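**Student:** Just one file: entry13.cif, with mmCIF, C-alpha atoms, pLDDT in the B column; chains and numbers go by the auth columns.
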```cif
data_final
loop_
_atom_site.group_PDB
_atom_site.id
_atom_site.type_symbol
_atom_site.label_atom_id
_atom_site.label_comp_id
_atom_site.label_asym_id
_atom_site.label_seq_id
_atom_site.Cartn_x
_atom_site.Cartn_y
_atom_site.Cartn_z
_atom_site.B_iso_or_equiv
_atom_site.auth_seq_id
_atom_site.auth_asym_id
ATOM 1 C CA MET A 1 0.000 0.000 0.000 84.00 1 A
ATOM 2 C CA ALA A 2 1.520 3.272 -1.140 95.00 2 A
ATOM 3 C CA ARG A 3 0.349 6.810 -1.665 97.00 3 A
ATOM 4 C CA VAL A 4 1.181 8.617 -4.878 98.00 4 A
ATOM 5 C CA ILE A 5 0.699 12.377 -5.145 98.00 5 A
ATOM 6 C CA VAL A 6 -0.295 13.986 -8.430 98.00 6 A
ATOM 7 C CA ASP A 7 0.107 17.772 -8.492 98.00 7 A
ATOM 8 C CA VAL A 8 -1.696 19.527 -11.335 98.00 8 A
ATOM 9 C CA MET A 9 -0.941 23.175 -12.065 98.00 9 A
ATOM 10 C CA LEU A 10 -1.917 25.465 -14.917 98.00 10 A
ATOM 11 C CA LYS A 11 0.916 25.872 -17.415 98.00 11 A
ATOM 12 C CA PRO A 12 2.949 29.028 -16.714 96.00 12 A
ATOM 13 C CA GLU A 13 1.648 30.736 -19.871 97.00 13 A
ATOM 14 C CA ILE A 14 -2.015 30.193 -18.899 97.00 14 A
ATOM 15 C CA LEU A 15 -3.685 32.951 -16.877 97.00 15 A
ATOM 16 C CA ASP A 16 -4.764 31.886 -13.393 97.00 16 A
ATOM 17 C CA PRO A 17 -7.637 34.163 -12.275 97.00 17 A
ATOM 18 C CA GLN A 18 -8.143 32.278 -8.982 95.00 18 A
ATOM 19 C CA GLY A 19 -4.510 32.710 -8.012 97.00 19 A
ATOM 20 C CA GLN A 20 -4.567 36.353 -9.105 97.00 20 A
ATOM 21 C CA ALA A 21 -7.655 37.016 -6.994 96.00 21 A
ATOM 22 C CA ILE A 22 -5.841 35.619 -3.961 96.00 22 A
ATOM 23 C CA ALA A 23 -2.671 37.596 -4.714 96.00 23 A
ATOM 24 C CA ARG A 24 -4.688 40.796 -5.033 95.00 24 A
ATOM 25 C CA ALA A 25 -6.620 40.140 -1.821 95.00 25 A
ATOM 26 C CA LEU A 26 -3.495 39.654 0.283 95.00 26 A
ATOM 27 C CA PRO A 27 -2.413 43.320 0.707 95.00 27 A
ATOM 28 C CA ARG A 28 -5.967 44.238 1.685 94.00 28 A
ATOM 29 C CA LEU A 29 -5.821 41.544 4.353 93.00 29 A
ATOM 30 C CA GLY A 30 -2.536 42.818 5.734 93.00 30 A
ATOM 31 C CA PHE A 31 -0.129 40.433 4.041 94.00 31 A
ATOM 32 C CA SER A 32 2.787 41.909 2.132 93.00 32 A
ATOM 33 C CA GLY A 33 5.791 40.409 0.402 93.00 33 A
ATOM 34 C CA VAL A 34 3.928 38.042 -1.933 96.00 34 A
ATOM 35 C CA SER A 35 4.543 38.647 -5.626 95.00 35 A
ATOM 36 C CA ASP A 36 2.360 35.915 -7.107 96.00 36 A
ATOM 37 C CA VAL A 37 0.003 33.084 -6.199 97.00 37 A
ATOM 38 C CA ARG A 38 -1.002 30.213 -8.434 97.00 38 A
ATOM 39 C CA GLN A 39 -3.687 27.714 -7.556 97.00 39 A
ATOM 40 C CA GLY A 40 -3.742 24.115 -8.681 98.00 40 A
ATOM 41 C CA LYS A 41 -4.991 20.704 -7.680 98.00 41 A
ATOM 42 C CA ARG A 42 -3.472 17.965 -5.592 98.00 42 A
ATOM 43 C CA PHE A 43 -4.596 14.353 -5.808 98.00 43 A
ATOM 44 C CA GLU A 44 -3.706 11.678 -3.278 98.00 44 A
ATOM 45 C CA VAL A 45 -3.946 8.298 -4.988 98.00 45 A
ATOM 46 C CA GLU A 46 -3.868 5.289 -2.656 97.00 46 A
ATOM 47 C CA LEU A 47 -2.543 2.158 -4.328 97.00 47 A
ATOM 48 C CA ASP A 48 -3.426 -1.372 -3.278 95.00 48 A
ATOM 49 C CA GLY A 49 0.124 -2.488 -3.946 94.00 49 A
ATOM 50 C CA PRO A 50 3.586 -0.941 -3.926 95.00 50 A
ATOM 51 C CA ALA A 51 4.470 2.127 -5.977 95.00 51 A
ATOM 52 C CA ASP A 52 6.603 0.183 -8.436 95.00 52 A
ATOM 53 C CA GLU A 53 7.357 1.195 -11.995 95.00 53 A
ATOM 54 C CA ALA A 54 4.197 -0.396 -13.446 95.00 54 A
ATOM 55 C CA ALA A 55 1.970 1.308 -10.884 95.00 55 A
ATOM 56 C CA LEU A 56 3.601 4.687 -11.448 96.00 56 A
ATOM 57 C CA SER A 57 3.209 4.285 -15.189 96.00 57 A
ATOM 58 C CA ASP A 58 -0.494 3.630 -14.586 96.00 58 A
ATOM 59 C CA VAL A 59 -0.787 6.736 -12.410 97.00 59 A
ATOM 60 C CA ARG A 60 0.956 8.756 -15.122 97.00 60 A
ATOM 61 C CA LYS A 61 -1.594 7.535 -17.684 96.00 61 A
ATOM 62 C CA MET A 62 -4.385 8.330 -15.217 96.00 62 A
ATOM 63 C CA ALA A 63 -3.060 11.869 -14.756 97.00 63 A
ATOM 64 C CA GLU A 64 -2.801 12.407 -18.507 96.00 64 A
ATOM 65 C CA THR A 65 -6.282 11.158 -19.305 93.00 65 A
ATOM 66 C CA LEU A 66 -8.342 11.973 -16.228 93.00 66 A
ATOM 67 C CA LEU A 67 -6.726 14.246 -13.646 96.00 67 A
ATOM 68 C CA ALA A 68 -5.077 16.886 -15.820 97.00 68 A
ATOM 69 C CA ASN A 69 -6.055 18.686 -18.989 97.00 69 A
ATOM 70 C CA THR A 70 -2.652 18.564 -20.645 97.00 70 A
ATOM 71 C CA VAL A 71 -3.592 21.293 -23.112 97.00 71 A
ATOM 72 C CA ILE A 72 -3.519 23.864 -20.317 98.00 72 A
ATOM 73 C CA GLU A 73 -2.116 21.984 -17.298 98.00 73 A
ATOM 74 C CA ASP A 74 1.159 20.369 -16.279 98.00 74 A
ATOM 75 C CA PHE A 75 1.359 17.598 -13.728 98.00 75 A
ATOM 76 C CA THR A 76 4.040 16.074 -11.533 98.00 76 A
ATOM 77 C CA ILE A 77 3.938 12.729 -9.784 98.00 77 A
ATOM 78 C CA HIS A 78 5.788 11.694 -6.658 96.00 78 A
ATOM 79 C CA VAL A 79 5.534 8.919 -4.119 97.00 79 A
ATOM 80 C CA GLU A 80 4.769 10.051 -0.596 92.00 80 A
ATOM 81 C CA SER A 81 7.130 8.507 1.909 73.00 81 A
ATOM 82 C CA MET B 1 12.765 35.196 -3.986 84.00 1 B
ATOM 83 C CA ALA B 2 11.408 31.868 -2.809 95.00 2 B
ATOM 84 C CA ARG B 3 8.420 29.698 -3.555 97.00 3 B
ATOM 85 C CA VAL B 4 6.343 28.290 -0.729 98.00 4 B
ATOM 86 C CA ILE B 5 3.834 25.504 -1.376 98.00 5 B
ATOM 87 C CA VAL B 6 0.607 25.283 0.612 98.00 6 B
ATOM 88 C CA ASP B 7 -1.217 21.962 0.238 98.00 7 B
ATOM 89 C CA VAL B 8 -4.828 21.983 1.412 98.00 8 B
ATOM 90 C CA MET B 9 -6.689 18.686 1.804 98.00 9 B
ATOM 91 C CA LEU B 10 -10.035 17.817 3.336 98.00 10 B
ATOM 92 C CA LYS B 11 -9.650 16.361 6.821 98.00 11 B
ATOM 93 C CA PRO B 12 -9.665 12.543 6.752 96.00 12 B
ATOM 94 C CA GLU B 13 -13.069 12.374 8.456 97.00 13 B
ATOM 95 C CA ILE B 14 -14.697 14.654 5.850 97.00 14 B
ATOM 96 C CA LEU B 15 -16.280 12.955 2.829 97.00 15 B
ATOM 97 C CA ASP B 16 -14.633 13.830 -0.486 97.00 16 B
ATOM 98 C CA PRO B 17 -17.202 13.348 -3.275 96.00 17 B
ATOM 99 C CA GLN B 18 -14.827 14.600 -5.990 95.00 18 B
ATOM 100 C CA GLY B 19 -12.172 12.101 -5.024 97.00 19 B
ATOM 101 C CA GLN B 20 -14.737 9.338 -4.741 97.00 20 B
ATOM 102 C CA ALA B 21 -16.070 10.125 -8.213 96.00 21 B
ATOM 103 C CA ILE B 22 -12.560 9.773 -9.613 96.00 22 B
ATOM 104 C CA ALA B 23 -11.920 6.544 -7.686 96.00 23 B
ATOM 105 C CA ARG B 24 -15.170 5.075 -8.993 95.00 24 B
ATOM 106 C CA ALA B 25 -14.453 6.131 -12.567 95.00 25 B
ATOM 107 C CA LEU B 26 -11.027 4.469 -12.660 95.00 26 B
ATOM 108 C CA PRO B 27 -12.093 0.812 -13.066 95.00 27 B
ATOM 109 C CA ARG B 28 -14.470 1.825 -15.872 94.00 28 B
ATOM 110 C CA LEU B 29 -11.521 3.511 -17.603 92.00 29 B
ATOM 111 C CA GLY B 30 -9.333 0.439 -17.301 93.00 30 B
ATOM 112 C CA PHE B 31 -7.296 1.370 -14.236 94.00 31 B
ATOM 113 C CA SER B 32 -7.132 -1.121 -11.387 93.00 32 B
ATOM 114 C CA GLY B 33 -5.202 -1.229 -8.134 93.00 33 B
ATOM 115 C CA VAL B 34 -6.345 2.101 -6.728 96.00 34 B
ATOM 116 C CA SER B 35 -8.155 1.902 -3.397 95.00 35 B
ATOM 117 C CA ASP B 36 -8.872 5.582 -2.801 96.00 36 B
ATOM 118 C CA VAL B 37 -8.438 9.036 -4.295 97.00 37 B
ATOM 119 C CA ARG B 38 -8.678 12.335 -2.449 97.00 38 B
ATOM 120 C CA GLN B 39 -8.652 15.703 -4.146 97.00 39 B
ATOM 121 C CA GLY B 40 -7.311 18.876 -2.633 98.00 40 B
ATOM 122 C CA LYS B 41 -5.779 22.188 -3.543 98.00 41 B
ATOM 123 C CA ARG B 42 -2.210 23.261 -4.065 98.00 42 B
ATOM 124 C CA PHE B 43 -1.106 26.884 -3.861 98.00 43 B
ATOM 125 C CA GLU B 44 2.248 28.168 -5.087 98.00 44 B
ATOM 126 C CA VAL B 45 3.055 31.364 -3.200 98.00 45 B
ATOM 127 C CA GLU B 46 5.937 33.413 -4.618 97.00 46 B
ATOM 128 C CA LEU B 47 7.662 35.538 -2.011 97.00 47 B
ATOM 129 C CA ASP B 48 9.546 38.748 -2.756 95.00 48 B
ATOM 130 C CA GLY B 49 12.172 37.863 -0.180 94.00 49 B
ATOM 131 C CA PRO B 50 13.642 34.678 1.308 95.00 50 B
ATOM 132 C CA ALA B 51 11.508 32.023 2.987 95.00 51 B
ATOM 133 C CA ASP B 52 12.724 32.868 6.466 95.00 52 B
ATOM 134 C CA GLU B 53 10.852 32.229 9.688 95.00 53 B
ATOM 135 C CA ALA B 54 8.867 35.493 9.557 95.00 54 B
ATOM 136 C CA ALA B 55 7.773 34.876 5.970 95.00 55 B
ATOM 137 C CA LEU B 56 6.723 31.303 6.721 96.00 56 B
ATOM 138 C CA SER B 57 4.774 32.473 9.738 96.00 57 B
ATOM 139 C CA ASP B 58 2.975 34.935 7.441 96.00 58 B
ATOM 140 C CA VAL B 59 2.210 32.175 4.944 97.00 59 B
ATOM 141 C CA ARG B 60 0.862 30.015 7.772 97.00 60 B
ATOM 142 C CA LYS B 61 -1.472 32.835 8.844 96.00 61 B
ATOM 143 C CA MET B 62 -2.490 33.290 5.197 96.00 62 B
ATOM 144 C CA ALA B 63 -3.295 29.581 4.889 97.00 63 B
ATOM 145 C CA GLU B 64 -5.334 29.620 8.089 96.00 64 B
ATOM 146 C CA THR B 65 -7.380 32.668 7.195 93.00 65 B
ATOM 147 C CA LEU B 66 -7.606 32.618 3.418 94.00 66 B
ATOM 148 C CA LEU B 67 -6.468 29.445 1.677 96.00 67 B
ATOM 149 C CA ALA B 68 -7.928 26.727 3.907 97.00 68 B
ATOM 150 C CA ASN B 69 -11.176 26.326 5.783 97.00 69 B
ATOM 151 C CA THR B 70 -9.699 24.848 8.937 97.00 70 B
ATOM 152 C CA VAL B 71 -13.065 23.526 10.072 97.00 71 B
ATOM 153 C CA ILE B 72 -12.988 20.916 7.329 98.00 72 B
ATOM 154 C CA GLU B 73 -9.489 21.179 5.821 98.00 73 B
ATOM 155 C CA ASP B 74 -5.906 20.546 6.900 98.00 74 B
ATOM 156 C CA PHE B 75 -2.959 22.298 5.316 98.00 75 B
ATOM 157 C CA THR B 76 0.774 21.726 5.095 98.00 76 B
ATOM 158 C CA ILE B 77 3.421 24.242 4.123 98.00 77 B
ATOM 159 C CA HIS B 78 6.801 23.564 2.609 96.00 78 B
ATOM 160 C CA VAL B 79 9.451 25.549 0.817 97.00 79 B
ATOM 161 C CA GLU B 80 10.129 24.442 -2.734 92.00 80 B
ATOM 162 C CA SER B 81 13.830 24.038 -3.383 73.00 81 B
#
```
Show me this structure written as structure tokens.
**Tutor:**
Amino acid sequence: MARVIVDVMLKPEILDPQGQAIARALPRLGFSGVSDVRQGKRFEVELDGPADEAALSDVRKMAETLLANTVIEDFTIHVES
Amino acid sequence: MARVIVDVMLKPEILDPQGQAIARALPRLGFSGVSDVRQGKRFEVELDGPADEAALSDVRKMAETLLANTVIEDFTIHVES
């Protein structure tokens, strides 16, 4: 049993209105020193078995087809220890 | 200039219908071996200065008041290297 994390973020060239709204709200709320905020998604995928190469390849396919829209989003995969 | 990551996930005892929908869709799409999926949010916060203790304390306050609903969500903060 292993947990694999898939982080999905908008590609850098894609505008992120949610992140911008947060970044713009911060000074109003008394927070300074933040130049940018980007918001994305995080998926925790619990595997029945170990996070071996076959399982990670499956998770990669899953991310490409289901979790991320690869036209506008990038994803990274890592095993949580 | 440093980047701090804030991961926000529903607390374990809170139902996650989005994650469940994904987990249930997987077998239909030909993926097996996944026992659970949980979906959360990931924020990339770009700081003007270094990620020192004061800045991280600010980000923690930001997460508590703005990025996470601490009644139903947990968050973790880490500096991206």
**Student:** Residues at most 10 Å from range 64-69 of chain A, counting all atoms listed in the file, excluding those fewer than 2 positions away in the same chain, as a PDB file with C-alpha atoms, keeping the file's coordinate frame?
**Tutor:**
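And here's around_38.pdb as it stands now:
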```
ATOM      1  CA  VAL A   6      -0.295  13.986  -8.430  1.00 98.00           C
ATOM      2  CA  ASP A   7       0.107  17.772  -8.492  1.00 98.00           C
ATOM      3  CA  VAL A   8      -1.696  19.527 -11.335  1.00 98.00           C
ATOM      4  CA  MET A   9      -0.941  23.175 -12.065  1.00 98.00           C
ATOM      5  CA  LEU A  10      -1.917  25.465 -14.917  1.00 98.00           C
ATOM      6  CA  LYS A  41      -4.991  20.704  -7.680  1.00 98.00           C
ATOM      7  CA  ARG A  42      -3.472  17.965  -5.592  1.00 98.00           C
ATOM      8  CA  PHE A  43      -4.596  14.353  -5.808  1.00 98.00           C
ATOM      9  CA  ASP A  58      -0.494   3.630 -14.586  1.00 96.00           C
ATOM     10  CA  VAL A  59      -0.787   6.736 -12.410  1.00 97.00           C
ATOM     11  CA  ARG A  60       0.956   8.756 -15.122  1.00 97.00           C
ATOM     12  CA  LYS A  61      -1.594   7.535 -17.684  1.00 96.00           C
ATOM     13  CA  MET A  62      -4.385   8.330 -15.217  1.00 96.00           C
ATOM     14  CA  VAL A  71      -3.592  21.293 -23.112  1.00 97.00           C
ATOM     15  CA  ILE A  72      -3.519  23.864 -20.317  1.00 98.00           C
ATOM     16  CA  GLU A  73      -2.116  21.984 -17.298  1.00 98.00           C
ATOM     17  CA  ASP A  74       1.159  20.369 -16.279  1.00 98.00           C
ATOM     18  CA  PHE A  75       1.359  17.598 -13.728  1.00 98.00           C
TER      19      PHE A  75
ATOM     20  CA  ILE B  22     -12.560   9.773  -9.613  1.00 96.00           C
ATOM     21  CA  ALA B  25     -14.453   6.131 -12.567  1.00 95.00           C
ATOM     22  CA  LEU B  26     -11.027   4.469 -12.660  1.00 95.00           C
ATOM     23  CA  LEU B  29     -11.521   3.511 -17.603  1.00 92.00           C
ATOM     24  CA  GLN B  39      -8.652  15.703  -4.146  1.00 97.00           C
TER      25      GLN B  39
END
```
**Student:** Using only C-alpha atoms, list the residues that have an atom at most 8 Å from (-3.4, 5.9, -0.5), coordinates as in the file, as a list in words.
**Tutor:**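 It turns out the residues near that spot are Met1, Ala2, Arg3, Val4, Glu44, Val45, Glu46, Leu47 and Asp48 of chain A; Val34, Ser35, Asp36 and Val37 of chain B.
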**Student:** Quick one: distance from CA of Lys11 in chain A to CA of His78 in chain B in Å, one decimal?
**Tutor:** 21.0 Å
**Student:** From the set A:Gly19, A:Ala63, A:Pro27, A:Asp52, which residue has the shortest atom-to-atom contact distance to chain B, counting all atoms listed in the file?
**Tutor:**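 The closest residue to chain B is A:Gly19.
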**Student:** With distances taken over all atoms listed in the file, which residue among A:Pro17, A:Arg38, A:Glu80, A:Pro12 lies nearest Ala51 in chain A?
**Tutor:** A:Glu80
**Student:** Mind pulling up the distance from CA of Ile5 in chain A to CA of Gly40 in chain B?
**Tutor:**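 Computed distance, CA of Gly40 in chain B to CA of Ile5 in chain A, equals 10.6 Å.
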**Student:** Using CA of Ser81 in chain A and CA of Ala55 in chain A as the two end points, give the distance in Å to one decimal.
**Tutor:**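 Separation between CA of Ser81 in chain A and CA of Ala55 in chain A: 15.6 Å.
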**Student:** Please determine an axis-aligned box that encloses all atoms of range 72-80 of chain A listed in the file, with 5 Å added on each side, and express its centre and edge lengths in Å to one decimal as JSON.
**Tutor:**
```
{"center_x": 1.1, "center_y": 16.4, "center_z": -10.5, "size_x": 19.3, "size_y": 24.9, "size_z": 29.7}
```
**Student:** For each of A:Thr70, A:Arg28, A:Leu15, A:Ala23, take the minimum atom-to-atom distance to chain B, counting only C-alpha atoms, then give the residue where this is smallest.
**Tutor:**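 Of A:Thr70, A:Arg28, A:Leu15, A:Ala23, the one nearest chain B is A:Ala23, counting only C-alpha atoms.
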**Student:** So which one's closest to chain A, B:Thr76, B:Ser32, B:Glu53, B:Glu13? Using only C-alpha atoms, please.
**Tutor:**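 So, comparing all the options, the nearest one is B:Ser32.
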**Student:** Taking the partial coordinates given, rebuild range 38-53 of chain A to contain N, CA, C and O atoms; return it as a compact mmCIF listing (two decimals), keeping the file's coordinate frame.
**Tutor:**
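Okay, this is what ended up in result31.txt:
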```txt
# COMPACT_ATOMS: atom_id res chain seq x y z
N ARG A 38 -0.33 31.04 -7.43
CA ARG A 38 -1.00 30.21 -8.43
C ARG A 38 -1.70 29.06 -7.73
O ARG A 38 -1.18 28.48 -6.78
N GLN A 39 -2.90 28.77 -8.20
CA GLN A 39 -3.69 27.71 -7.56
C GLN A 39 -3.81 26.51 -8.47
O GLN A 39 -4.09 26.64 -9.66
N GLY A 40 -3.60 25.34 -7.91
CA GLY A 40 -3.74 24.12 -8.68
C GLY A 40 -4.43 23.04 -7.87
O GLY A 40 -5.03 23.33 -6.83
N LYS A 41 -4.33 21.82 -8.35
CA LYS A 41 -4.99 20.70 -7.68
C LYS A 41 -3.97 19.69 -7.20
O LYS A 41 -2.90 19.54 -7.79
N ARG A 42 -4.32 19.02 -6.13
CA ARG A 42 -3.47 17.96 -5.59
C ARG A 42 -4.33 16.73 -5.41
O ARG A 42 -5.39 16.78 -4.80
N PHE A 43 -3.88 15.62 -5.95
CA PHE A 43 -4.60 14.35 -5.81
C PHE A 43 -3.74 13.38 -5.01
O PHE A 43 -2.56 13.21 -5.29
N GLU A 44 -4.37 12.76 -4.01
CA GLU A 44 -3.71 11.68 -3.28
C GLU A 44 -4.30 10.36 -3.76
O GLU A 44 -5.49 10.11 -3.56
N VAL A 45 -3.49 9.57 -4.42
CA VAL A 45 -3.95 8.30 -4.99
C VAL A 45 -3.38 7.15 -4.14
O VAL A 45 -2.17 6.99 -4.04
N GLU A 46 -4.29 6.41 -3.51
CA GLU A 46 -3.87 5.29 -2.66
C GLU A 46 -3.83 4.02 -3.50
O GLU A 46 -4.85 3.62 -4.08
N LEU A 47 -2.68 3.39 -3.55
CA LEU A 47 -2.54 2.16 -4.33
C LEU A 47 -2.74 0.95 -3.43
O LEU A 47 -2.39 0.97 -2.25
N ASP A 48 -3.31 -0.11 -4.02
CA ASP A 48 -3.43 -1.37 -3.28
C ASP A 48 -2.04 -1.97 -3.05
O ASP A 48 -1.76 -2.52 -1.99
N GLY A 49 -1.20 -1.87 -4.04
CA GLY A 49 0.12 -2.49 -3.95
C GLY A 49 1.22 -1.46 -3.79
O GLY A 49 0.97 -0.32 -3.43
N PRO A 50 2.46 -1.87 -4.04
CA PRO A 50 3.59 -0.94 -3.93
C PRO A 50 3.64 0.02 -5.12
O PRO A 50 3.07 -0.25 -6.16
N ALA A 51 4.34 1.13 -4.91
CA ALA A 51 4.47 2.13 -5.98
C ALA A 51 5.65 1.75 -6.87
O ALA A 51 6.65 2.46 -6.95
N ASP A 52 5.52 0.61 -7.54
CA ASP A 52 6.60 0.18 -8.44
C ASP A 52 6.45 0.86 -9.80
O ASP A 52 5.55 1.66 -10.01
N GLU A 53 7.34 0.49 -10.71
CA GLU A 53 7.36 1.20 -12.00
C GLU A 53 6.04 1.04 -12.76
O GLU A 53 5.55 1.99 -13.36
```
